[in-house]
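Next comes entry.cif, a file with mmCIF, C-alpha atoms.
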data_data
loop_
_atom_site.group_PDB
_atom_site.id
_atom_site.type_symbol
_atom_site.label_atom_id
_atom_site.label_comp_id
_atom_site.auth_asym_id
_atom_site.auth_seq_id
_atom_site.Cartn_x
_atom_site.Cartn_y
_atom_site.Cartn_z
ATOM 1 C CA MET A 1 -46.465 -22.795 33.560
ATOM 2 C CA THR A 2 -46.847 -21.538 37.092
ATOM 3 C CA SER A 3 -48.394 -23.650 39.785
ATOM 4 C CA SER A 4 -52.007 -23.285 40.805
ATOM 5 C CA LYS A 5 -53.120 -21.651 44.022
ATOM 6 C CA SER A 6 -53.960 -25.002 45.562
ATOM 7 C CA SER A 7 -51.371 -26.627 47.792
ATOM 8 C CA GLY A 8 -49.248 -29.493 46.610
ATOM 9 C CA SER A 9 -50.697 -31.817 49.251
ATOM 10 C CA GLY A 10 -54.232 -30.966 48.124
ATOM 11 C CA SER A 11 -53.290 -31.654 44.528
ATOM 12 C CA SER A 12 -51.793 -35.021 45.493
ATOM 13 C CA ALA A 13 -54.890 -35.967 47.472
ATOM 14 C CA ARG A 14 -57.165 -35.187 44.536
ATOM 15 C CA ALA A 15 -54.892 -37.173 42.236
ATOM 16 C CA THR A 16 -54.985 -40.128 44.610
ATOM 17 C CA ARG A 17 -58.780 -40.137 44.439
ATOM 18 C CA ALA A 18 -58.614 -39.904 40.646
ATOM 19 C CA GLY A 19 -56.328 -42.917 40.478
ATOM 20 C CA ALA A 20 -58.054 -44.990 43.136
ATOM 21 C CA ASP A 21 -59.836 -47.128 40.533
ATOM 22 C CA PRO A 22 -57.736 -47.156 37.351
ATOM 23 C CA THR A 23 -60.182 -49.502 35.631
ATOM 24 C CA GLY A 24 -62.683 -46.640 35.588
ATOM 25 C CA VAL A 25 -60.235 -43.959 34.430
ATOM 26 C CA ALA A 26 -59.390 -42.887 30.880
ATOM 27 C CA VAL A 27 -57.007 -40.237 29.629
ATOM 28 C CA VAL A 28 -58.508 -38.168 26.823
ATOM 29 C CA CYS A 29 -55.866 -36.339 24.815
ATOM 30 C CA VAL A 30 -57.514 -33.590 22.783
ATOM 31 C CA GLU A 31 -56.378 -32.508 19.300
ATOM 32 C CA CYS A 32 -52.702 -33.385 19.701
ATOM 33 C CA GLN A 33 -52.480 -33.869 15.950
ATOM 34 C CA ASN A 34 -50.029 -32.679 13.332
ATOM 35 C CA GLY A 35 -52.285 -29.963 11.947
ATOM 36 C CA VAL A 36 -52.845 -28.417 15.377
ATOM 37 C CA ILE A 37 -49.613 -28.775 17.356
ATOM 38 C CA GLY A 38 -47.184 -29.958 14.676
ATOM 39 C CA PRO A 39 -44.795 -27.938 12.465
ATOM 40 C CA GLU A 40 -47.540 -27.315 9.869
ATOM 41 C CA SER A 41 -50.128 -26.200 12.429
ATOM 42 C CA VAL A 42 -53.056 -24.060 11.317
ATOM 43 C CA LEU A 43 -52.654 -22.347 14.716
ATOM 44 C CA PRO A 44 -48.933 -21.512 14.860
ATOM 45 C CA ALA A 45 -49.130 -19.469 18.076
ATOM 46 C CA LEU A 46 -50.746 -22.395 19.878
ATOM 47 C CA ALA A 47 -48.222 -24.826 18.409
ATOM 48 C CA ALA A 48 -45.387 -22.660 19.718
ATOM 49 C CA ASP A 49 -46.853 -22.446 23.222
ATOM 50 C CA VAL A 50 -47.681 -26.142 23.465
ATOM 51 C CA ARG A 51 -44.037 -27.135 23.101
ATOM 52 C CA ALA A 52 -43.646 -26.369 26.805
ATOM 53 C CA VAL A 53 -46.021 -29.188 27.773
ATOM 54 C CA VAL A 54 -45.489 -31.873 25.116
ATOM 55 C CA SER A 55 -43.083 -33.732 27.398
ATOM 56 C CA GLY A 56 -45.672 -33.581 30.182
ATOM 57 C CA ILE A 57 -48.332 -34.981 27.870
ATOM 58 C CA ALA A 58 -45.991 -37.791 26.849
ATOM 59 C CA ARG A 59 -45.246 -38.651 30.497
ATOM 60 C CA LEU A 60 -48.935 -38.669 31.362
ATOM 61 C CA LEU A 61 -49.825 -40.971 28.483
ATOM 62 C CA ALA A 62 -46.927 -43.306 29.246
ATOM 63 C CA GLY A 63 -47.930 -43.482 32.902
ATOM 64 C CA ALA A 64 -51.521 -44.258 31.969
ATOM 65 C CA ARG A 65 -50.507 -47.044 29.596
ATOM 66 C CA THR A 66 -48.239 -48.583 32.232
ATOM 67 C CA ALA A 67 -51.149 -48.568 34.689
ATOM 68 C CA GLY A 68 -53.484 -50.179 32.154
ATOM 69 C CA ILE A 69 -55.513 -46.989 31.766
ATOM 70 C CA PRO A 70 -56.889 -46.448 28.255
ATOM 71 C CA VAL A 71 -55.616 -43.484 26.266
ATOM 72 C CA VAL A 72 -58.134 -41.937 23.880
ATOM 73 C CA HIS A 73 -57.094 -39.330 21.316
ATOM 74 C CA ALA A 74 -59.904 -36.975 20.260
ATOM 75 C CA THR A 75 -59.014 -35.498 16.861
ATOM 76 C CA PHE A 76 -60.637 -33.291 14.230
ATOM 77 C CA GLU A 77 -60.698 -34.919 10.784
ATOM 78 C CA GLY A 78 -62.330 -32.257 8.602
ATOM 79 C CA PHE A 79 -65.890 -31.862 7.351
ATOM 80 C CA LEU A 80 -66.136 -34.676 4.776
ATOM 81 C CA GLY A 81 -67.400 -32.258 2.138
ATOM 82 C CA ALA A 82 -70.151 -30.887 4.368
ATOM 83 C CA GLY A 83 -71.279 -27.276 4.320
ATOM 84 C CA GLY A 84 -69.962 -24.347 6.326
ATOM 85 C CA PRO A 85 -68.540 -25.137 9.753
ATOM 86 C CA GLY A 86 -70.470 -22.501 11.663
ATOM 87 C CA GLN A 87 -70.313 -18.850 12.627
ATOM 88 C CA ALA A 88 -67.606 -18.871 15.313
ATOM 89 C CA PRO A 89 -64.722 -16.532 14.371
ATOM 90 C CA LEU A 90 -62.271 -19.332 15.169
ATOM 91 C CA TRP A 91 -63.319 -21.145 12.010
ATOM 92 C CA ARG A 92 -61.923 -18.312 9.911
ATOM 93 C CA ALA A 93 -58.527 -18.953 11.469
ATOM 94 C CA LEU A 94 -58.963 -22.632 10.659
ATOM 95 C CA ASP A 95 -59.791 -22.185 6.988
ATOM 96 C CA ARG A 96 -57.095 -24.641 5.905
ATOM 97 C CA ALA A 97 -58.628 -27.334 8.087
ATOM 98 C CA GLY A 98 -61.651 -27.394 5.790
ATOM 99 C CA GLY A 99 -59.686 -29.543 3.369
ATOM 100 C CA TRP A 100 -58.706 -32.157 5.916
ATOM 101 C CA GLY A 101 -60.042 -35.679 5.704
ATOM 102 C CA PRO A 102 -59.475 -39.098 7.274
ATOM 103 C CA GLY A 103 -55.908 -40.201 6.669
ATOM 104 C CA ASP A 104 -54.640 -36.694 5.972
ATOM 105 C CA PRO A 105 -51.335 -36.197 7.839
ATOM 106 C CA SER A 106 -52.781 -33.101 9.526
ATOM 107 C CA THR A 107 -55.436 -35.218 11.228
ATOM 108 C CA GLN A 108 -53.025 -37.807 12.587
ATOM 109 C CA VAL A 109 -51.827 -37.808 16.199
ATOM 110 C CA VAL A 110 -48.250 -36.560 16.498
ATOM 111 C CA ALA A 111 -45.980 -39.584 16.477
ATOM 112 C CA GLU A 112 -44.355 -39.011 19.865
ATOM 113 C CA LEU A 113 -47.743 -39.156 21.618
ATOM 114 C CA LEU A 114 -49.254 -42.168 19.850
ATOM 115 C CA ASP A 115 -49.023 -45.809 20.843
ATOM 116 C CA PRO A 116 -50.525 -48.707 18.860
ATOM 117 C CA ALA A 117 -52.710 -49.586 21.852
ATOM 118 C CA ASP A 118 -54.309 -46.116 21.965
ATOM 119 C CA PHE A 119 -57.812 -45.364 20.710
ATOM 120 C CA VAL A 120 -58.297 -42.566 18.161
ATOM 121 C CA LEU A 121 -61.767 -41.036 17.796
ATOM 122 C CA GLY A 122 -62.068 -38.426 15.053
ATOM 123 C CA ARG A 123 -64.930 -35.979 14.646
ATOM 124 C CA HIS A 124 -66.147 -34.153 11.553
ATOM 125 C CA GLN A 125 -68.098 -31.212 12.944
ATOM 126 C CA GLY A 126 -68.081 -28.568 15.614
ATOM 127 C CA LEU A 127 -65.553 -27.023 17.958
ATOM 128 C CA SER A 128 -66.336 -29.409 20.807
ATOM 129 C CA PRO A 129 -64.795 -32.887 20.992
ATOM 130 C CA THR A 130 -67.858 -34.048 22.946
ATOM 131 C CA HIS A 131 -71.015 -32.232 21.797
ATOM 132 C CA GLY A 132 -72.829 -34.409 19.281
ATOM 133 C CA THR A 133 -69.874 -36.801 18.946
ATOM 134 C CA GLU A 134 -69.377 -40.421 19.986
ATOM 135 C CA LEU A 135 -66.632 -39.681 22.513
ATOM 136 C CA LEU A 136 -68.677 -39.694 25.712
ATOM 137 C CA PRO A 137 -70.908 -42.636 24.680
ATOM 138 C CA VAL A 138 -67.794 -44.657 23.853
ATOM 139 C CA LEU A 139 -66.245 -43.811 27.227
ATOM 140 C CA ARG A 140 -69.452 -44.811 28.956
ATOM 141 C CA SER A 141 -69.503 -48.129 27.082
ATOM 142 C CA MET A 142 -65.963 -48.707 28.378
ATOM 143 C CA ARG A 143 -67.312 -48.208 31.925
ATOM 144 C CA ILE A 144 -65.256 -45.080 32.400
ATOM 145 C CA HIS A 145 -66.309 -42.801 35.236
ATOM 146 C CA THR A 146 -63.281 -40.471 35.443
ATOM 147 C CA VAL A 147 -61.832 -38.559 32.498
ATOM 148 C CA VAL A 148 -58.326 -37.115 32.721
ATOM 149 C CA LEU A 149 -57.892 -34.346 30.159
ATOM 150 C CA ALA A 150 -54.694 -33.503 28.315
ATOM 151 C CA GLY A 151 -53.875 -31.620 25.128
ATOM 152 C CA VAL A 152 -55.290 -28.454 23.594
ATOM 153 C CA SER A 153 -56.627 -26.046 23.889
ATOM 154 C CA LEU A 154 -57.606 -24.196 27.015
ATOM 155 C CA ASN A 155 -59.036 -21.505 24.760
ATOM 156 C CA VAL A 156 -62.018 -23.535 23.519
ATOM 157 C CA ALA A 157 -61.921 -27.337 23.211
ATOM 158 C CA LEU A 158 -60.852 -28.272 26.733
ATOM 159 C CA PRO A 159 -63.385 -26.101 28.614
ATOM 160 C CA LEU A 160 -66.144 -27.394 26.323
ATOM 161 C CA THR A 161 -65.053 -30.976 26.912
ATOM 162 C CA ALA A 162 -64.825 -30.545 30.677
ATOM 163 C CA ALA A 163 -68.268 -28.951 30.851
ATOM 164 C CA ASP A 164 -69.925 -31.572 28.657
ATOM 165 C CA ALA A 165 -68.288 -34.478 30.476
ATOM 166 C CA SER A 166 -69.219 -33.181 33.913
ATOM 167 C CA GLU A 167 -72.791 -32.519 32.770
ATOM 168 C CA GLU A 168 -72.956 -36.142 31.608
ATOM 169 C CA GLY A 169 -71.899 -37.407 35.019
ATOM 170 C CA PHE A 170 -68.201 -38.033 34.475
ATOM 171 C CA ARG A 171 -65.650 -36.916 36.997
ATOM 172 C CA VAL A 172 -63.136 -34.655 35.241
ATOM 173 C CA VAL A 173 -59.476 -34.271 36.152
ATOM 174 C CA VAL A 174 -57.075 -31.918 34.373
ATOM 175 C CA ALA A 175 -53.337 -32.497 34.336
ATOM 176 C CA ARG A 176 -52.230 -28.882 34.475
ATOM 177 C CA ASP A 177 -48.768 -29.509 32.999
ATOM 178 C CA ALA A 178 -50.245 -31.521 30.124
ATOM 179 C CA VAL A 179 -52.635 -28.869 28.764
ATOM 180 C CA MET A 180 -52.090 -25.555 27.020
ATOM 181 C CA GLY A 181 -53.790 -22.599 25.375
ATOM 182 C CA THR A 182 -52.526 -19.416 23.824
ATOM 183 C CA PRO A 183 -51.143 -17.145 25.010
ATOM 184 C CA ALA A 184 -49.693 -19.191 27.861
ATOM 185 C CA GLU A 185 -50.541 -16.492 30.415
ATOM 186 C CA TYR A 186 -54.194 -16.691 29.415
ATOM 187 C CA ALA A 187 -54.083 -20.482 29.651
ATOM 188 C CA GLU A 188 -53.009 -20.137 33.267
ATOM 189 C CA GLN A 189 -55.997 -17.898 33.974
ATOM 190 C CA VAL A 190 -58.363 -20.419 32.377
ATOM 191 C CA LEU A 191 -56.949 -23.153 34.584
ATOM 192 C CA ARG A 192 -57.356 -21.065 37.723
ATOM 193 C CA ASN A 193 -60.714 -19.465 37.012
ATOM 194 C CA THR A 194 -62.650 -21.771 34.668
ATOM 195 C CA MET A 195 -61.264 -25.294 34.655
ATOM 196 C CA ALA A 196 -60.981 -25.303 38.450
ATOM 197 C CA MET A 197 -64.782 -24.874 38.527
ATOM 198 C CA LEU A 198 -65.280 -27.945 36.329
ATOM 199 C CA ALA A 199 -62.487 -30.329 37.262
ATOM 200 C CA ASP A 200 -59.853 -31.305 39.787
ATOM 201 C CA ILE A 201 -56.583 -29.639 38.774
ATOM 202 C CA VAL A 202 -53.536 -31.809 39.449
ATOM 203 C CA THR A 203 -50.072 -32.428 38.003
ATOM 204 C CA VAL A 204 -48.729 -35.216 35.830
ATOM 205 C CA ASP A 205 -46.492 -36.392 38.675
ATOM 206 C CA ASP A 206 -49.463 -36.484 41.064
ATOM 207 C CA LEU A 207 -51.374 -38.731 38.690
ATOM 208 C CA THR A 208 -48.583 -41.080 37.687
ATOM 209 C CA THR A 209 -47.542 -41.515 41.322
ATOM 210 C CA ALA A 210 -51.118 -42.313 42.354
ATOM 211 C CA TRP A 211 -51.526 -44.779 39.505
ATOM 212 C CA ALA A 212 -48.247 -46.525 40.316
ATOM 213 C CA ALA A 213 -49.252 -46.807 43.976
ATOM 214 C CA SER A 214 -52.627 -48.231 42.976
ATOM 215 C CA ALA A 215 -50.921 -50.855 40.828
ATOM 216 C CA LEU A 216 -48.756 -51.895 43.778
ATOM 217 C CA ARG A 217 -51.838 -52.312 45.977
ATOM 218 C CA ALA A 218 -53.632 -54.444 43.385
#
As structure tokens, please, write out the structure in this file.
Amino acid sequence: MTSSKSSGSGSSARATRAGADPTGVAVVCVECQNGVIGPESVLPALAADVRAVVSGIARLLAGARTAGIPVVHATFEGFLGAGGPGQAPLWRALDRAGGWGPGDPSTQVVAELLDPADFVLGRHQGLSPTHGTELLPVLRSMRIHTVVLAGVSLNVALPLTAADASEEGFRVVVARDAVMGTPAEYAEQVLRNTMAMLADIVTVDDLTTAWAASALRA
């Protein structure tokens, strides 16, 4: 993915602020589950595009764990037998997801991105990982003030999450090489023209470097 319009030094400075207090930072990894980005994805075009950033996501999560920053996976676990999902056209593309349930392999975080110490919060309704879910209240109970977003997708879930989190008073940071949408060219436009209005856009290296430096100062 191409770099943003902001300078590298500006990106590093924003990342340093994001990592200044790791005890108040959490990484939220959105929908990096088998049924979304794995080989049996219900969104194969997205799964193909996200391959370019899976290594970046893995590096971000590893860096957070090393710094003692909690990693929270926000997943979709199906509707638990509830009625129709809603009127958004996206749900028609996700018809197979209607049969998902807790424990279904499709709802599980892809193995290469999951650590036993991570938190996994599943939802059973809606396109947003945050609207009407327990994600933001749980983060608040953990005394989190800064949310670093990773995962998918820049088409819908990530902009909704960034908007909801910022409205609720969280600072939002997006690791640009740890997020994706489809097509990839559109994802770049969302980063530049939408996410940049809601969050600080930085790189994985910016964040992990800032977190490592913070650990050395502690």
For this session: Show which residues sit within 10 Å of segment 22-30 of chain A, as an MDAnalysis selection string. Count all atoms listed in the file, and ignore same-chain residues fewer than 3 positions away.
Result: chainID A and resid 18:19 33 57 60:61 64:65 67:76 109 113 119:121 128:129 135 139:140 142:153 157:158 161 170:175 178:179 210:212 214:215
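In this comparison, which uses all atoms listed in the file, the residue of A:Val190, A:Ala199, A:Cys32, A:Ala47 approaching Ala162 of chain A most closely is A:Ala199.
Look at segment 191-197 of chain A: the protein and nucleic acid residues within 9 Å of it, using only C-alpha atoms and passing over chain neighbours fewer than 4 places away, are Ser4, Lys5, Leu154, Leu158, Pro159, Ala162, Ala163, Val174, Arg176, Tyr186, Ala187 and Ile201 of chain A.
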For this session: Give as JSON, numbers by chain the residues that the PyMOL selection byres ((chain A and resi 110) around 10) matches when applied to the coordinates above.
Result: {"A": [31, 32, 33, 34, 35, 36, 37, 38, 105, 106, 107, 108, 109, 111, 112, 113, 114]}
Seminar exercise, completed: Taken to one decimal, the atom CA of Gly99 of chain A-atom CA of Thr133 of chain A distance is 20.0 Å
For this session: Enter the distance from atom CA of Thr209 of chain A to atom CA of Val54 of chain A, in Å, rounded to one decimal.
Result: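 Result for atom CA of Thr209 of chain A versus atom CA of Val54 of chain A: 19.0 Å, one decimal.
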With N, CA and C atoms as the target, complete segment 190-214 of chain A and hand it back as a tab-separated table (two decimals), in the frame of the given file.
chain	number	residue	atom	x	y	z
A	190	VAL	N	-57.27	-19.48	32.62
A	190	VAL	CA	-58.36	-20.42	32.38
A	190	VAL	C	-58.29	-21.58	33.36
A	191	LEU	N	-57.10	-22.08	33.60
A	191	LEU	CA	-56.95	-23.15	34.58
A	191	LEU	C	-57.44	-22.72	35.96
A	192	ARG	N	-57.03	-21.54	36.38
A	192	ARG	CA	-57.36	-21.06	37.72
A	192	ARG	C	-58.83	-20.70	37.88
A	193	ASN	N	-59.41	-20.10	36.85
A	193	ASN	CA	-60.71	-19.46	37.01
A	193	ASN	C	-61.86	-20.15	36.29
A	194	THR	N	-61.59	-21.05	35.37
A	194	THR	CA	-62.65	-21.77	34.67
A	194	THR	C	-62.53	-23.27	34.89
A	195	MET	N	-61.40	-23.85	34.53
A	195	MET	CA	-61.26	-25.29	34.66
A	195	MET	C	-61.37	-25.75	36.10
A	196	ALA	N	-60.90	-24.93	37.04
A	196	ALA	CA	-60.98	-25.30	38.45
A	196	ALA	C	-62.42	-25.39	38.94
A	197	MET	N	-63.36	-24.77	38.20
A	197	MET	CA	-64.78	-24.87	38.53
A	197	MET	C	-65.41	-26.15	37.97
A	198	LEU	N	-64.73	-26.79	37.03
A	198	LEU	CA	-65.28	-27.94	36.33
A	198	LEU	C	-64.56	-29.24	36.63
A	199	ALA	N	-63.34	-29.15	37.15
A	199	ALA	CA	-62.49	-30.33	37.26
A	199	ALA	C	-61.53	-30.19	38.43
A	200	ASP	N	-60.98	-31.32	38.85
A	200	ASP	CA	-59.85	-31.30	39.79
A	200	ASP	C	-58.59	-31.00	39.00
A	201	ILE	N	-57.81	-30.03	39.45
A	201	ILE	CA	-56.58	-29.64	38.77
A	201	ILE	C	-55.40	-30.26	39.52
A	202	VAL	N	-54.65	-31.10	38.83
A	202	VAL	CA	-53.54	-31.81	39.45
A	202	VAL	C	-52.33	-31.73	38.52
A	203	THR	N	-51.25	-32.39	38.86
A	203	THR	CA	-50.07	-32.43	38.00
A	203	THR	C	-49.88	-33.83	37.43
A	204	VAL	N	-49.05	-33.91	36.41
A	204	VAL	CA	-48.73	-35.22	35.83
A	204	VAL	C	-48.09	-36.11	36.88
A	205	ASP	N	-47.15	-35.58	37.65
A	205	ASP	CA	-46.49	-36.39	38.67
A	205	ASP	C	-47.48	-36.90	39.72
A	206	ASP	N	-48.44	-36.04	40.12
A	206	ASP	CA	-49.46	-36.48	41.06
A	206	ASP	C	-50.19	-37.72	40.53
A	207	LEU	N	-50.60	-37.64	39.27
A	207	LEU	CA	-51.37	-38.73	38.69
A	207	LEU	C	-50.55	-40.00	38.52
A	208	THR	N	-49.37	-39.88	37.94
A	208	THR	CA	-48.58	-41.08	37.69
A	208	THR	C	-48.15	-41.75	38.99
A	209	THR	N	-47.89	-40.94	40.02
A	209	THR	CA	-47.54	-41.52	41.32
A	209	THR	C	-48.73	-42.27	41.92
A	210	ALA	N	-49.92	-41.66	41.83
A	210	ALA	CA	-51.12	-42.31	42.35
A	210	ALA	C	-51.41	-43.60	41.60
A	211	TRP	N	-51.26	-43.57	40.29
A	211	TRP	CA	-51.53	-44.78	39.51
A	211	TRP	C	-50.53	-45.88	39.82
A	212	ALA	N	-49.26	-45.53	39.98
A	212	ALA	CA	-48.25	-46.52	40.32
A	212	ALA	C	-48.53	-47.14	41.68
A	213	ALA	N	-48.93	-46.30	42.64
A	213	ALA	CA	-49.25	-46.81	43.98
A	213	ALA	C	-50.46	-47.73	43.93
A	214	SER	N	-51.44	-47.39	43.11
A	214	SER	CA	-52.63	-48.23	42.98
A	214	SER	C	-52.27	-49.59	42.39
